[in-house]
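Trainee: Structure provided below as structure tokens; questions to follow.
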Amino acid sequence: MKVSPLTRYGLRTIALVYLFILLIVPVGTIFYRAFEHGIVQFWEWITTPAAISALQLSLLIVVIVVPLNVIFGVLIALALARGRFPGKGVLQAVVDLPFAVSPVVAGVALILLWGYGGWFGGVESLGFRVIFGFPGLVLATLFVTLPFVAREVEPVLREIGTEQEEAAATLGANAWQVFWRVTLPAIRWGLTYGIVLTVARSLGEFGAVTMVSSNYPGISQTLTLLVNSRYTDDYNEFGAYAAATLLMMVAILVLVLMSLIERRAKSRLADASTSVTGEVDTVEPELTVPHGPESLDAEQVVHTHSHSAAGKEGV
């Protein structure tokens with residue numbers, strides 16, 4: 001299908017205008033308002049005890065949630081791509097449940113389960129507070145980020161098949177060696193993308209955590225809750241913009257780091273493949289004519305020398 005240049009440029013213009021209005025303008029406005037009073041005022045807004053505590057709490061949630069999602073996400077992806085068991089369709093639906101359910105509903109469900117009078121509310125009598133504490137924030141974030149790793153890794157597993165894994169097992173590798181040396185290198189890019197999505201959603205989650213958080217600074221107030229608290233409770237509009245800018249900077253920094261790691265891993269992979277399949281210096285043998293004139297002349301010279309040497313010995 002051939003598209004005229006006018007149509008092609010028109011579609012590109014529409015796409016760029018759409019992105020400009022929905023993405024660049026809002027983000028640019030937040031950056032402008034955050035630095036409107038200067039860098040010094042911006043620094044004061046993001047270095048308050050509440051802001052530092054909220055940043056530390058958000059990063060701690062990411063540190064806990066990402067490894068758990070990687071472990072269980074890969075296990076779920078392996079079960080969905082490799083396993084055959086009753087209830088597989090139910091598991092598929094459960095994995096996609098956080099996409100369909102509102103995060104606020106997830107927060108309410110956690111309150112019904114872990115709150116006072118809930119199914120597991122008895123743990124509070126043991127001095128372990130879940131709802132309105134840090135564990136509740138982790139559980140809420142785990143719920144909303146559950147599908148990302150699993151849904152990014154599963155199609156990669158289906159694409160690569162099982163031939164390489166079966167070959168490694170035939171050669172004597174155990175299950176851990178097969179996973180570590182065959183499966184994991186094959187799914188690394190899907191896993192990386194799932195980790196990036198998990199980090200971004202963990203930093204920016206608001207709906208679920210606002211239901212299970214007491215919103216006390218230093219206890220259960222994340223960066224997103226700090227932005228909302230400054231904007232709606234303290235009427236500190238520019239402080240809210242500064243906190244939102246800090247949140248965006250952290251997310252951008254994480255994305256840049258993941259991109260650098262991915263690029264470095266690709267370069268290492270390219271170097272390894274080059275070292276394995278690199279050019280090997282070979283010496284080509286000289287081609288000789290086995291029955292040509294040159295070989296006959298050489299034989300005649302050899303025989304002549306041998307006869308002359310024998311004649312001399314006889315003399």
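Please note that chains go A, B, ... in the order of the structure tokens, that every chain numbers its residues from 1, and that ligands are numbered from 1 in the order shown.
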Could you give me, as a count of residues only, the residues within 10 Å of stretch 21-38 of chain A, counting only C-alpha atoms and dropping anything in the same chain fewer than 2 positions from it?

Mentor: 20

Trainee: Neighbours of stretch 250-256 of chain A within 9 Å (only C-alpha atoms; same-chain residues fewer than 5 positions away dropped), as an MDAnalysis selection string?

Mentor: chainID A and resid 196 199:200 203:204 245 261

Trainee: For A:Pro217, find every residue with an atom within 9 Å (counting only C-alpha atoms), except residues of its own chain fewer than 5 positions away, and show them as a PyMOL selection string.

Mentor: chain A and resi 49-51+53-54+222+226

Trainee: Excluding A:Thr198 and its own-chain neighbours fewer than 3 positions away, which residues fall within 12 Å of it when counting only C-alpha atoms? Please give them as a PDB file with all heavy atoms, in the first residue's frame.

Mentor:
ATOM      1  N   ILE A  61      10.377   0.872  49.123  1.00  0.00           N
ATOM      2  CA  ILE A  61       9.302   0.053  48.550  1.00  0.00           C
ATOM      3  C   ILE A  61       9.752  -0.548  47.218  1.00  0.00           C
ATOM      4  O   ILE A  61       9.512  -1.729  46.937  1.00  0.00           O
ATOM      5  CB  ILE A  61       8.029   0.902  48.365  1.00  0.00           C
ATOM      6  CG1 ILE A  61       7.437   1.264  49.730  1.00  0.00           C
ATOM      7  CG2 ILE A  61       6.992   0.156  47.531  1.00  0.00           C
ATOM      8  CD1 ILE A  61       6.269   2.217  49.653  1.00  0.00           C
ATOM      9  N   VAL A  62      10.440   0.250  46.393  1.00  0.00           N
ATOM     10  CA  VAL A  62      10.941  -0.261  45.118  1.00  0.00           C
ATOM     11  C   VAL A  62      11.941  -1.381  45.342  1.00  0.00           C
ATOM     12  O   VAL A  62      11.900  -2.418  44.657  1.00  0.00           O
ATOM     13  CB  VAL A  62      11.578   0.887  44.305  1.00  0.00           C
ATOM     14  CG1 VAL A  62      12.299   0.344  43.081  1.00  0.00           C
ATOM     15  CG2 VAL A  62      10.513   1.885  43.874  1.00  0.00           C
ATOM     16  N   VAL A  63      12.838  -1.214  46.311  1.00  0.00           N
ATOM     17  CA  VAL A  63      13.857  -2.223  46.585  1.00  0.00           C
ATOM     18  C   VAL A  63      13.234  -3.541  47.023  1.00  0.00           C
ATOM     19  O   VAL A  63      13.749  -4.626  46.719  1.00  0.00           O
ATOM     20  CB  VAL A  63      14.843  -1.689  47.651  1.00  0.00           C
ATOM     21  CG1 VAL A  63      15.763  -2.791  48.147  1.00  0.00           C
ATOM     22  CG2 VAL A  63      15.659  -0.541  47.086  1.00  0.00           C
ATOM     23  N   ILE A  64      12.116  -3.481  47.720  1.00  0.00           N
ATOM     24  CA  ILE A  64      11.452  -4.709  48.177  1.00  0.00           C
ATOM     25  C   ILE A  64      10.566  -5.307  47.089  1.00  0.00           C
ATOM     26  O   ILE A  64      10.561  -6.522  46.863  1.00  0.00           O
ATOM     27  CB  ILE A  64      10.623  -4.424  49.446  1.00  0.00           C
ATOM     28  CG1 ILE A  64      11.553  -4.014  50.593  1.00  0.00           C
ATOM     29  CG2 ILE A  64       9.786  -5.639  49.842  1.00  0.00           C
ATOM     30  CD1 ILE A  64      10.818  -3.590  51.842  1.00  0.00           C
ATOM     31  N   VAL A  65       9.832  -4.465  46.392  1.00  0.00           N
ATOM     32  CA  VAL A  65       8.821  -4.943  45.449  1.00  0.00           C
ATOM     33  C   VAL A  65       9.464  -5.525  44.189  1.00  0.00           C
ATOM     34  O   VAL A  65       9.016  -6.572  43.688  1.00  0.00           O
ATOM     35  CB  VAL A  65       7.855  -3.796  45.093  1.00  0.00           C
ATOM     36  CG1 VAL A  65       6.990  -4.159  43.886  1.00  0.00           C
ATOM     37  CG2 VAL A  65       6.975  -3.475  46.288  1.00  0.00           C
ATOM     38  N   VAL A  66      10.499  -4.903  43.673  1.00  0.00           N
ATOM     39  CA  VAL A  66      11.078  -5.344  42.404  1.00  0.00           C
ATOM     40  C   VAL A  66      11.649  -6.763  42.496  1.00  0.00           C
ATOM     41  O   VAL A  66      11.333  -7.614  41.641  1.00  0.00           O
ATOM     42  CB  VAL A  66      12.132  -4.338  41.913  1.00  0.00           C
ATOM     43  CG1 VAL A  66      12.912  -4.907  40.735  1.00  0.00           C
ATOM     44  CG2 VAL A  66      11.465  -3.037  41.505  1.00  0.00           C
ATOM     45  N   PRO A  67      12.479  -7.106  43.488  1.00  0.00           N
ATOM     46  CA  PRO A  67      12.960  -8.501  43.549  1.00  0.00           C
ATOM     47  C   PRO A  67      11.845  -9.526  43.717  1.00  0.00           C
ATOM     48  O   PRO A  67      11.882 -10.606  43.101  1.00  0.00           O
ATOM     49  CB  PRO A  67      13.903  -8.501  44.756  1.00  0.00           C
ATOM     50  CG  PRO A  67      14.318  -7.086  44.914  1.00  0.00           C
ATOM     51  CD  PRO A  67      13.140  -6.277  44.510  1.00  0.00           C
ATOM     52  N   LEU A  68      10.831  -9.208  44.537  1.00  0.00           N
ATOM     53  CA  LEU A  68       9.718 -10.142  44.704  1.00  0.00           C
ATOM     54  C   LEU A  68       8.958 -10.325  43.398  1.00  0.00           C
ATOM     55  O   LEU A  68       8.568 -11.455  43.039  1.00  0.00           O
ATOM     56  CB  LEU A  68       8.781  -9.638  45.802  1.00  0.00           C
ATOM     57  CG  LEU A  68       9.331  -9.681  47.233  1.00  0.00           C
ATOM     58  CD1 LEU A  68       8.327  -9.069  48.203  1.00  0.00           C
ATOM     59  CD2 LEU A  68       9.635 -11.114  47.647  1.00  0.00           C
ATOM     60  N   ASN A  69       8.747  -9.235  42.680  1.00  0.00           N
ATOM     61  CA  ASN A  69       8.051  -9.347  41.397  1.00  0.00           C
ATOM     62  C   ASN A  69       8.869 -10.105  40.371  1.00  0.00           C
ATOM     63  O   ASN A  69       8.318 -10.834  39.538  1.00  0.00           O
ATOM     64  CB  ASN A  69       7.711  -7.953  40.864  1.00  0.00           C
ATOM     65  CG  ASN A  69       6.309  -7.514  41.228  1.00  0.00           C
ATOM     66  OD1 ASN A  69       5.387  -8.330  41.274  1.00  0.00           O
ATOM     67  ND2 ASN A  69       6.143  -6.249  41.514  1.00  0.00           N
ATOM     68  N   VAL A  70      10.188  -9.943  40.406  1.00  0.00           N
ATOM     69  CA  VAL A  70      11.036 -10.679  39.467  1.00  0.00           C
ATOM     70  C   VAL A  70      10.950 -12.173  39.742  1.00  0.00           C
ATOM     71  O   VAL A  70      10.763 -12.989  38.823  1.00  0.00           O
ATOM     72  CB  VAL A  70      12.497 -10.187  39.568  1.00  0.00           C
ATOM     73  CG1 VAL A  70      13.437 -11.131  38.834  1.00  0.00           C
ATOM     74  CG2 VAL A  70      12.618  -8.780  39.006  1.00  0.00           C
ATOM     75  N   GLY A  73       7.203 -13.299  39.278  1.00  0.00           N
ATOM     76  CA  GLY A  73       6.793 -13.052  37.903  1.00  0.00           C
ATOM     77  C   GLY A  73       7.394 -14.053  36.940  1.00  0.00           C
ATOM     78  O   GLY A  73       6.712 -14.554  36.042  1.00  0.00           O
ATOM     79  N   THR A 141       1.470  -2.111  46.684  1.00  0.00           N
ATOM     80  CA  THR A 141       2.318  -1.952  45.507  1.00  0.00           C
ATOM     81  C   THR A 141       2.564  -3.284  44.814  1.00  0.00           C
ATOM     82  O   THR A 141       2.616  -3.355  43.579  1.00  0.00           O
ATOM     83  CB  THR A 141       3.656  -1.307  45.911  1.00  0.00           C
ATOM     84  OG1 THR A 141       3.399  -0.123  46.675  1.00  0.00           O
ATOM     85  CG2 THR A 141       4.462  -0.937  44.677  1.00  0.00           C
ATOM     86  N   LEU A 142       2.727  -4.349  45.595  1.00  0.00           N
ATOM     87  CA  LEU A 142       2.881  -5.678  44.994  1.00  0.00           C
ATOM     88  C   LEU A 142       1.660  -6.059  44.176  1.00  0.00           C
ATOM     89  O   LEU A 142       1.775  -6.661  43.099  1.00  0.00           O
ATOM     90  CB  LEU A 142       3.124  -6.723  46.090  1.00  0.00           C
ATOM     91  CG  LEU A 142       4.536  -6.840  46.637  1.00  0.00           C
ATOM     92  CD1 LEU A 142       4.556  -7.791  47.834  1.00  0.00           C
ATOM     93  CD2 LEU A 142       5.488  -7.334  45.568  1.00  0.00           C
ATOM     94  N   PHE A 143       0.484  -5.719  44.666  1.00  0.00           N
ATOM     95  CA  PHE A 143      -0.747  -6.072  43.950  1.00  0.00           C
ATOM     96  C   PHE A 143      -0.815  -5.383  42.595  1.00  0.00           C
ATOM     97  O   PHE A 143      -1.106  -6.025  41.577  1.00  0.00           O
ATOM     98  CB  PHE A 143      -1.963  -5.696  44.792  1.00  0.00           C
ATOM     99  CG  PHE A 143      -3.273  -6.020  44.139  1.00  0.00           C
ATOM    100  CD1 PHE A 143      -3.850  -7.260  44.298  1.00  0.00           C
ATOM    101  CD2 PHE A 143      -3.929  -5.075  43.354  1.00  0.00           C
ATOM    102  CE1 PHE A 143      -5.058  -7.564  43.683  1.00  0.00           C
ATOM    103  CE2 PHE A 143      -5.126  -5.365  42.738  1.00  0.00           C
ATOM    104  CZ  PHE A 143      -5.698  -6.616  42.902  1.00  0.00           C
ATOM    105  N   VAL A 144      -0.535  -4.096  42.557  1.00  0.00           N
ATOM    106  CA  VAL A 144      -0.715  -3.353  41.304  1.00  0.00           C
ATOM    107  C   VAL A 144       0.410  -3.609  40.309  1.00  0.00           C
ATOM    108  O   VAL A 144       0.255  -3.356  39.111  1.00  0.00           O
ATOM    109  CB  VAL A 144      -0.844  -1.845  41.585  1.00  0.00           C
ATOM    110  CG1 VAL A 144      -2.063  -1.562  42.447  1.00  0.00           C
ATOM    111  CG2 VAL A 144       0.418  -1.300  42.246  1.00  0.00           C
ATOM    112  N   THR A 145       1.566  -4.098  40.781  1.00  0.00           N
ATOM    113  CA  THR A 145       2.699  -4.340  39.876  1.00  0.00           C
ATOM    114  C   THR A 145       2.897  -5.811  39.539  1.00  0.00           C
ATOM    115  O   THR A 145       3.859  -6.145  38.837  1.00  0.00           O
ATOM    116  CB  THR A 145       3.997  -3.802  40.500  1.00  0.00           C
ATOM    117  OG1 THR A 145       4.213  -4.432  41.773  1.00  0.00           O
ATOM    118  CG2 THR A 145       3.923  -2.298  40.690  1.00  0.00           C
ATOM    119  N   LEU A 146       2.027  -6.675  40.015  1.00  0.00           N
ATOM    120  CA  LEU A 146       2.196  -8.107  39.797  1.00  0.00           C
ATOM    121  C   LEU A 146       2.288  -8.504  38.324  1.00  0.00           C
ATOM    122  O   LEU A 146       3.135  -9.321  37.959  1.00  0.00           O
ATOM    123  CB  LEU A 146       1.048  -8.872  40.473  1.00  0.00           C
ATOM    124  CG  LEU A 146       0.956 -10.374  40.180  1.00  0.00           C
ATOM    125  CD1 LEU A 146       2.153 -11.099  40.779  1.00  0.00           C
ATOM    126  CD2 LEU A 146      -0.344 -10.950  40.720  1.00  0.00           C
ATOM    127  N   PRO A 147       1.463  -7.988  37.405  1.00  0.00           N
ATOM    128  CA  PRO A 147       1.453  -8.542  36.039  1.00  0.00           C
ATOM    129  C   PRO A 147       2.637  -8.152  35.159  1.00  0.00           C
ATOM    130  O   PRO A 147       2.848  -8.786  34.127  1.00  0.00           O
ATOM    131  CB  PRO A 147       0.149  -7.966  35.442  1.00  0.00           C
ATOM    132  CG  PRO A 147      -0.592  -7.361  36.572  1.00  0.00           C
ATOM    133  CD  PRO A 147       0.416  -6.980  37.576  1.00  0.00           C
ATOM    134  N   PHE A 148       3.395  -7.126  35.510  1.00  0.00           N
ATOM    135  CA  PHE A 148       4.332  -6.553  34.545  1.00  0.00           C
ATOM    136  C   PHE A 148       5.426  -7.538  34.143  1.00  0.00           C
ATOM    137  O   PHE A 148       5.670  -7.755  32.951  1.00  0.00           O
ATOM    138  CB  PHE A 148       4.950  -5.275  35.113  1.00  0.00           C
ATOM    139  CG  PHE A 148       3.968  -4.148  35.234  1.00  0.00           C
ATOM    140  CD1 PHE A 148       3.594  -3.650  36.468  1.00  0.00           C
ATOM    141  CD2 PHE A 148       3.404  -3.589  34.100  1.00  0.00           C
ATOM    142  CE1 PHE A 148       2.684  -2.620  36.577  1.00  0.00           C
ATOM    143  CE2 PHE A 148       2.489  -2.555  34.194  1.00  0.00           C
ATOM    144  CZ  PHE A 148       2.127  -2.073  35.444  1.00  0.00           C
ATOM    145  N   VAL A 149       6.115  -8.123  35.110  1.00  0.00           N
ATOM    146  CA  VAL A 149       7.192  -9.049  34.777  1.00  0.00           C
ATOM    147  C   VAL A 149       6.638 -10.300  34.107  1.00  0.00           C
ATOM    148  O   VAL A 149       7.167 -10.783  33.101  1.00  0.00           O
ATOM    149  CB  VAL A 149       8.000  -9.406  36.034  1.00  0.00           C
ATOM    150  CG1 VAL A 149       9.009 -10.509  35.737  1.00  0.00           C
ATOM    151  CG2 VAL A 149       8.717  -8.176  36.568  1.00  0.00           C
ATOM    152  N   ALA A 150       5.553 -10.836  34.662  1.00  0.00           N
ATOM    153  CA  ALA A 150       4.983 -12.067  34.109  1.00  0.00           C
ATOM    154  C   ALA A 150       4.529 -11.871  32.670  1.00  0.00           C
ATOM    155  O   ALA A 150       4.789 -12.718  31.799  1.00  0.00           O
ATOM    156  CB  ALA A 150       3.820 -12.534  34.979  1.00  0.00           C
ATOM    157  N   ARG A 151       3.865 -10.770  32.384  1.00  0.00           N
ATOM    158  CA  ARG A 151       3.338 -10.544  31.045  1.00  0.00           C
ATOM    159  C   ARG A 151       4.410 -10.139  30.041  1.00  0.00           C
ATOM    160  O   ARG A 151       4.196 -10.259  28.831  1.00  0.00           O
ATOM    161  CB  ARG A 151       2.250  -9.463  31.095  1.00  0.00           C
ATOM    162  CG  ARG A 151       0.938  -9.953  31.663  1.00  0.00           C
ATOM    163  CD  ARG A 151       0.509 -11.208  30.981  1.00  0.00           C
ATOM    164  NE  ARG A 151      -0.780 -11.707  31.436  1.00  0.00           N
ATOM    165  CZ  ARG A 151      -1.215 -12.926  31.239  1.00  0.00           C
ATOM    166  NH1 ARG A 151      -0.444 -13.802  30.611  1.00  0.00           N
ATOM    167  NH2 ARG A 151      -2.384 -13.316  31.659  1.00  0.00           N
ATOM    168  N   GLU A 152       5.551  -9.659  30.491  1.00  0.00           N
ATOM    169  CA  GLU A 152       6.644  -9.359  29.579  1.00  0.00           C
ATOM    170  C   GLU A 152       7.499 -10.577  29.288  1.00  0.00           C
ATOM    171  O   GLU A 152       8.063 -10.707  28.204  1.00  0.00           O
ATOM    172  CB  GLU A 152       7.518  -8.229  30.154  1.00  0.00           C
ATOM    173  CG  GLU A 152       6.835  -6.884  30.240  1.00  0.00           C
ATOM    174  CD  GLU A 152       6.392  -6.377  28.892  1.00  0.00           C
ATOM    175  OE1 GLU A 152       7.089  -6.656  27.891  1.00  0.00           O
ATOM    176  OE2 GLU A 152       5.357  -5.694  28.831  1.00  0.00           O
ATOM    177  N   LEU A 191      12.620  -9.448  30.624  1.00  0.00           N
ATOM    178  CA  LEU A 191      12.715  -9.246  32.070  1.00  0.00           C
ATOM    179  C   LEU A 191      13.132  -7.824  32.400  1.00  0.00           C
ATOM    180  O   LEU A 191      12.607  -7.210  33.337  1.00  0.00           O
ATOM    181  CB  LEU A 191      13.706 -10.255  32.655  1.00  0.00           C
ATOM    182  CG  LEU A 191      13.910 -10.230  34.168  1.00  0.00           C
ATOM    183  CD1 LEU A 191      12.608 -10.521  34.890  1.00  0.00           C
ATOM    184  CD2 LEU A 191      14.976 -11.241  34.576  1.00  0.00           C
ATOM    185  N   THR A 192      14.062  -7.279  31.626  1.00  0.00           N
ATOM    186  CA  THR A 192      14.500  -5.896  31.855  1.00  0.00           C
ATOM    187  C   THR A 192      13.358  -4.913  31.661  1.00  0.00           C
ATOM    188  O   THR A 192      13.169  -3.991  32.465  1.00  0.00           O
ATOM    189  CB  THR A 192      15.653  -5.549  30.900  1.00  0.00           C
ATOM    190  OG1 THR A 192      16.737  -6.460  31.122  1.00  0.00           O
ATOM    191  CG2 THR A 192      16.138  -4.132  31.118  1.00  0.00           C
ATOM    192  N   TYR A 193      12.589  -5.105  30.609  1.00  0.00           N
ATOM    193  CA  TYR A 193      11.461  -4.205  30.359  1.00  0.00           C
ATOM    194  C   TYR A 193      10.408  -4.332  31.461  1.00  0.00           C
ATOM    195  O   TYR A 193       9.829  -3.331  31.887  1.00  0.00           O
ATOM    196  CB  TYR A 193      10.853  -4.523  28.998  1.00  0.00           C
ATOM    197  CG  TYR A 193       9.865  -3.485  28.515  1.00  0.00           C
ATOM    198  CD1 TYR A 193      10.246  -2.156  28.395  1.00  0.00           C
ATOM    199  CD2 TYR A 193       8.565  -3.827  28.194  1.00  0.00           C
ATOM    200  CE1 TYR A 193       9.355  -1.197  27.959  1.00  0.00           C
ATOM    201  CE2 TYR A 193       7.656  -2.866  27.757  1.00  0.00           C
ATOM    202  CZ  TYR A 193       8.063  -1.552  27.642  1.00  0.00           C
ATOM    203  OH  TYR A 193       7.172  -0.611  27.225  1.00  0.00           O
ATOM    204  N   GLY A 194      10.176  -5.557  31.939  1.00  0.00           N
ATOM    205  CA  GLY A 194       9.241  -5.741  33.041  1.00  0.00           C
ATOM    206  C   GLY A 194       9.710  -5.056  34.310  1.00  0.00           C
ATOM    207  O   GLY A 194       8.901  -4.489  35.063  1.00  0.00           O
ATOM    208  N   ILE A 195      11.023  -5.080  34.561  1.00  0.00           N
ATOM    209  CA  ILE A 195      11.569  -4.404  35.750  1.00  0.00           C
ATOM    210  C   ILE A 195      11.391  -2.899  35.635  1.00  0.00           C
ATOM    211  O   ILE A 195      11.026  -2.219  36.611  1.00  0.00           O
ATOM    212  CB  ILE A 195      13.051  -4.780  35.924  1.00  0.00           C
ATOM    213  CG1 ILE A 195      13.185  -6.250  36.324  1.00  0.00           C
ATOM    214  CG2 ILE A 195      13.718  -3.901  36.973  1.00  0.00           C
ATOM    215  CD1 ILE A 195      14.609  -6.741  36.378  1.00  0.00           C
ATOM    216  N   ARG A 201       5.896   2.013  37.990  1.00  0.00           N
ATOM    217  CA  ARG A 201       4.588   1.937  38.649  1.00  0.00           C
ATOM    218  C   ARG A 201       4.726   1.990  40.170  1.00  0.00           C
ATOM    219  O   ARG A 201       3.887   2.593  40.848  1.00  0.00           O
ATOM    220  CB  ARG A 201       3.882   0.643  38.232  1.00  0.00           C
ATOM    221  CG  ARG A 201       2.467   0.498  38.792  1.00  0.00           C
ATOM    222  CD  ARG A 201       1.562   1.609  38.276  1.00  0.00           C
ATOM    223  NE  ARG A 201       0.256   1.583  38.897  1.00  0.00           N
ATOM    224  CZ  ARG A 201      -0.788   0.849  38.460  1.00  0.00           C
ATOM    225  NH1 ARG A 201      -0.624   0.078  37.383  1.00  0.00           N
ATOM    226  NH2 ARG A 201      -1.949   0.889  39.060  1.00  0.00           N
ATOM    227  N   SER A 202       5.783   1.406  40.720  1.00  0.00           N
ATOM    228  CA  SER A 202       5.983   1.445  42.165  1.00  0.00           C
ATOM    229  C   SER A 202       6.212   2.873  42.649  1.00  0.00           C
ATOM    230  O   SER A 202       5.709   3.265  43.708  1.00  0.00           O
ATOM    231  CB  SER A 202       7.178   0.569  42.560  1.00  0.00           C
ATOM    232  OG  SER A 202       6.965  -0.771  42.180  1.00  0.00           O
ATOM    233  N   LEU A 203       6.971   3.641  41.882  1.00  0.00           N
ATOM    234  CA  LEU A 203       7.224   5.028  42.286  1.00  0.00           C
ATOM    235  C   LEU A 203       5.985   5.907  42.143  1.00  0.00           C
ATOM    236  O   LEU A 203       5.785   6.825  42.942  1.00  0.00           O
ATOM    237  CB  LEU A 203       8.364   5.608  41.446  1.00  0.00           C
ATOM    238  CG  LEU A 203       9.772   5.090  41.733  1.00  0.00           C
ATOM    239  CD1 LEU A 203      10.754   5.634  40.709  1.00  0.00           C
ATOM    240  CD2 LEU A 203      10.212   5.468  43.136  1.00  0.00           C
ATOM    241  N   GLY A 204       5.170   5.645  41.133  1.00  0.00           N
ATOM    242  CA  GLY A 204       4.048   6.526  40.855  1.00  0.00           C
ATOM    243  C   GLY A 204       2.704   6.064  41.357  1.00  0.00           C
ATOM    244  O   GLY A 204       1.693   6.729  41.092  1.00  0.00           O
ATOM    245  N   GLU A 205       2.636   4.948  42.078  1.00  0.00           N
ATOM    246  CA  GLU A 205       1.346   4.439  42.529  1.00  0.00           C
ATOM    247  C   GLU A 205       0.736   5.361  43.591  1.00  0.00           C
ATOM    248  O   GLU A 205       1.407   5.800  44.524  1.00  0.00           O
ATOM    249  CB  GLU A 205       1.507   3.020  43.103  1.00  0.00           C
ATOM    250  CG  GLU A 205       0.237   2.434  43.671  1.00  0.00           C
ATOM    251  CD  GLU A 205      -0.913   2.437  42.675  1.00  0.00           C
ATOM    252  OE1 GLU A 205      -0.676   2.305  41.457  1.00  0.00           O
ATOM    253  OE2 GLU A 205      -2.055   2.578  43.136  1.00  0.00           O
ATOM    254  N   ALA A 251      12.317   8.807  38.533  1.00  0.00           N
ATOM    255  CA  ALA A 251      11.863   7.854  37.517  1.00  0.00           C
ATOM    256  C   ALA A 251      12.731   7.936  36.260  1.00  0.00           C
ATOM    257  O   ALA A 251      13.105   6.905  35.681  1.00  0.00           O
ATOM    258  CB  ALA A 251      10.400   8.133  37.171  1.00  0.00           C
ATOM    259  N   VAL A 254      16.073   6.275  36.898  1.00  0.00           N
ATOM    260  CA  VAL A 254      15.965   4.811  36.855  1.00  0.00           C
ATOM    261  C   VAL A 254      15.915   4.321  35.411  1.00  0.00           C
ATOM    262  O   VAL A 254      16.577   3.339  35.048  1.00  0.00           O
ATOM    263  CB  VAL A 254      14.721   4.351  37.636  1.00  0.00           C
ATOM    264  CG1 VAL A 254      14.459   2.857  37.423  1.00  0.00           C
ATOM    265  CG2 VAL A 254      14.891   4.628  39.124  1.00  0.00           C
ATOM    266  N   LEU A 255      15.153   5.001  34.572  1.00  0.00           N
ATOM    267  CA  LEU A 255      15.070   4.606  33.168  1.00  0.00           C
ATOM    268  C   LEU A 255      16.423   4.735  32.466  1.00  0.00           C
ATOM    269  O   LEU A 255      16.808   3.876  31.667  1.00  0.00           O
ATOM    270  CB  LEU A 255      14.016   5.458  32.452  1.00  0.00           C
ATOM    271  CG  LEU A 255      12.559   5.230  32.867  1.00  0.00           C
ATOM    272  CD1 LEU A 255      11.653   6.201  32.131  1.00  0.00           C
ATOM    273  CD2 LEU A 255      12.131   3.806  32.585  1.00  0.00           C
TER     274      LEU A 255
END

Trainee: Residues within 7 Å of stretch 132-136 of chain A, please, as an MDAnalysis selection string. Count only C-alpha atoms; anything in the same chain fewer than 6 positions from it doesn't count.

Mentor: chainID A and resid 212:214 219:220

Trainee: Keeping only N, CA and C atoms, write the selected residues to a file as a PDB file, in the first residue's frame.

Mentor:
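Saved result, out35.pdb, follows:
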ATOM      1  N   VAL A 212      -4.355   2.488  52.164  1.00  0.00           N
ATOM      2  CA  VAL A 212      -3.750   1.712  53.252  1.00  0.00           C
ATOM      3  C   VAL A 212      -2.698   2.520  54.005  1.00  0.00           C
ATOM      4  N   SER A 213      -2.597   3.810  53.733  1.00  0.00           N
ATOM      5  CA  SER A 213      -1.583   4.638  54.367  1.00  0.00           C
ATOM      6  C   SER A 213      -2.218   5.588  55.371  1.00  0.00           C
ATOM      7  N   SER A 214      -1.512   5.816  56.462  1.00  0.00           N
ATOM      8  CA  SER A 214      -1.949   6.822  57.429  1.00  0.00           C
ATOM      9  C   SER A 214      -1.550   8.224  56.999  1.00  0.00           C
ATOM     10  N   ILE A 219       6.347   7.748  58.352  1.00  0.00           N
ATOM     11  CA  ILE A 219       5.766   6.449  58.704  1.00  0.00           C
ATOM     12  C   ILE A 219       5.225   5.748  57.475  1.00  0.00           C
ATOM     13  N   SER A 220       4.321   6.394  56.770  1.00  0.00           N
ATOM     14  CA  SER A 220       3.716   5.756  55.595  1.00  0.00           C
ATOM     15  C   SER A 220       3.345   6.777  54.525  1.00  0.00           C
TER      16      SER A 220
END

Trainee: Using only C-alpha atoms, find each residue of stretch 142-177 of chain A with at least one atom at most 8 Å away from an atom of stretch 75-87 of chain A; report its shortest atom-to-atom pair and that distance in Å (one decimal), sort the rows by chain and rising residue number, and return the result as a Markdown table.

Mentor:
| residue | atom | partner | partner_atom | distance |
| --- | --- | --- | --- | --- |
| A:Ala150 | CA | A:Ala77 | CA | 4.9 |
| A:Arg151 | CA | A:Ala77 | CA | 7.1 |
| A:Val153 | CA | A:Ala77 | CA | 6.1 |
| A:Glu154 | CA | A:Ala77 | CA | 4.7 |
| A:Pro155 | CA | A:Ala81 | CA | 7.7 |
| A:Leu157 | CA | A:Ala81 | CA | 6.3 |
| A:Arg158 | CA | A:Ala81 | CA | 5.9 |

Trainee: Applying 10 Å and only C-alpha atoms, which residues near A:Glu262 remain after dropping the ones on its own chain fewer than 4 positions away? List them as a list in words.

Mentor: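 In the requested form, the answer reads Arg188, Trp189, Thr192, Tyr193, Val256, Leu257, Met258, Lys266, Ser267 and Arg268 of chain A.
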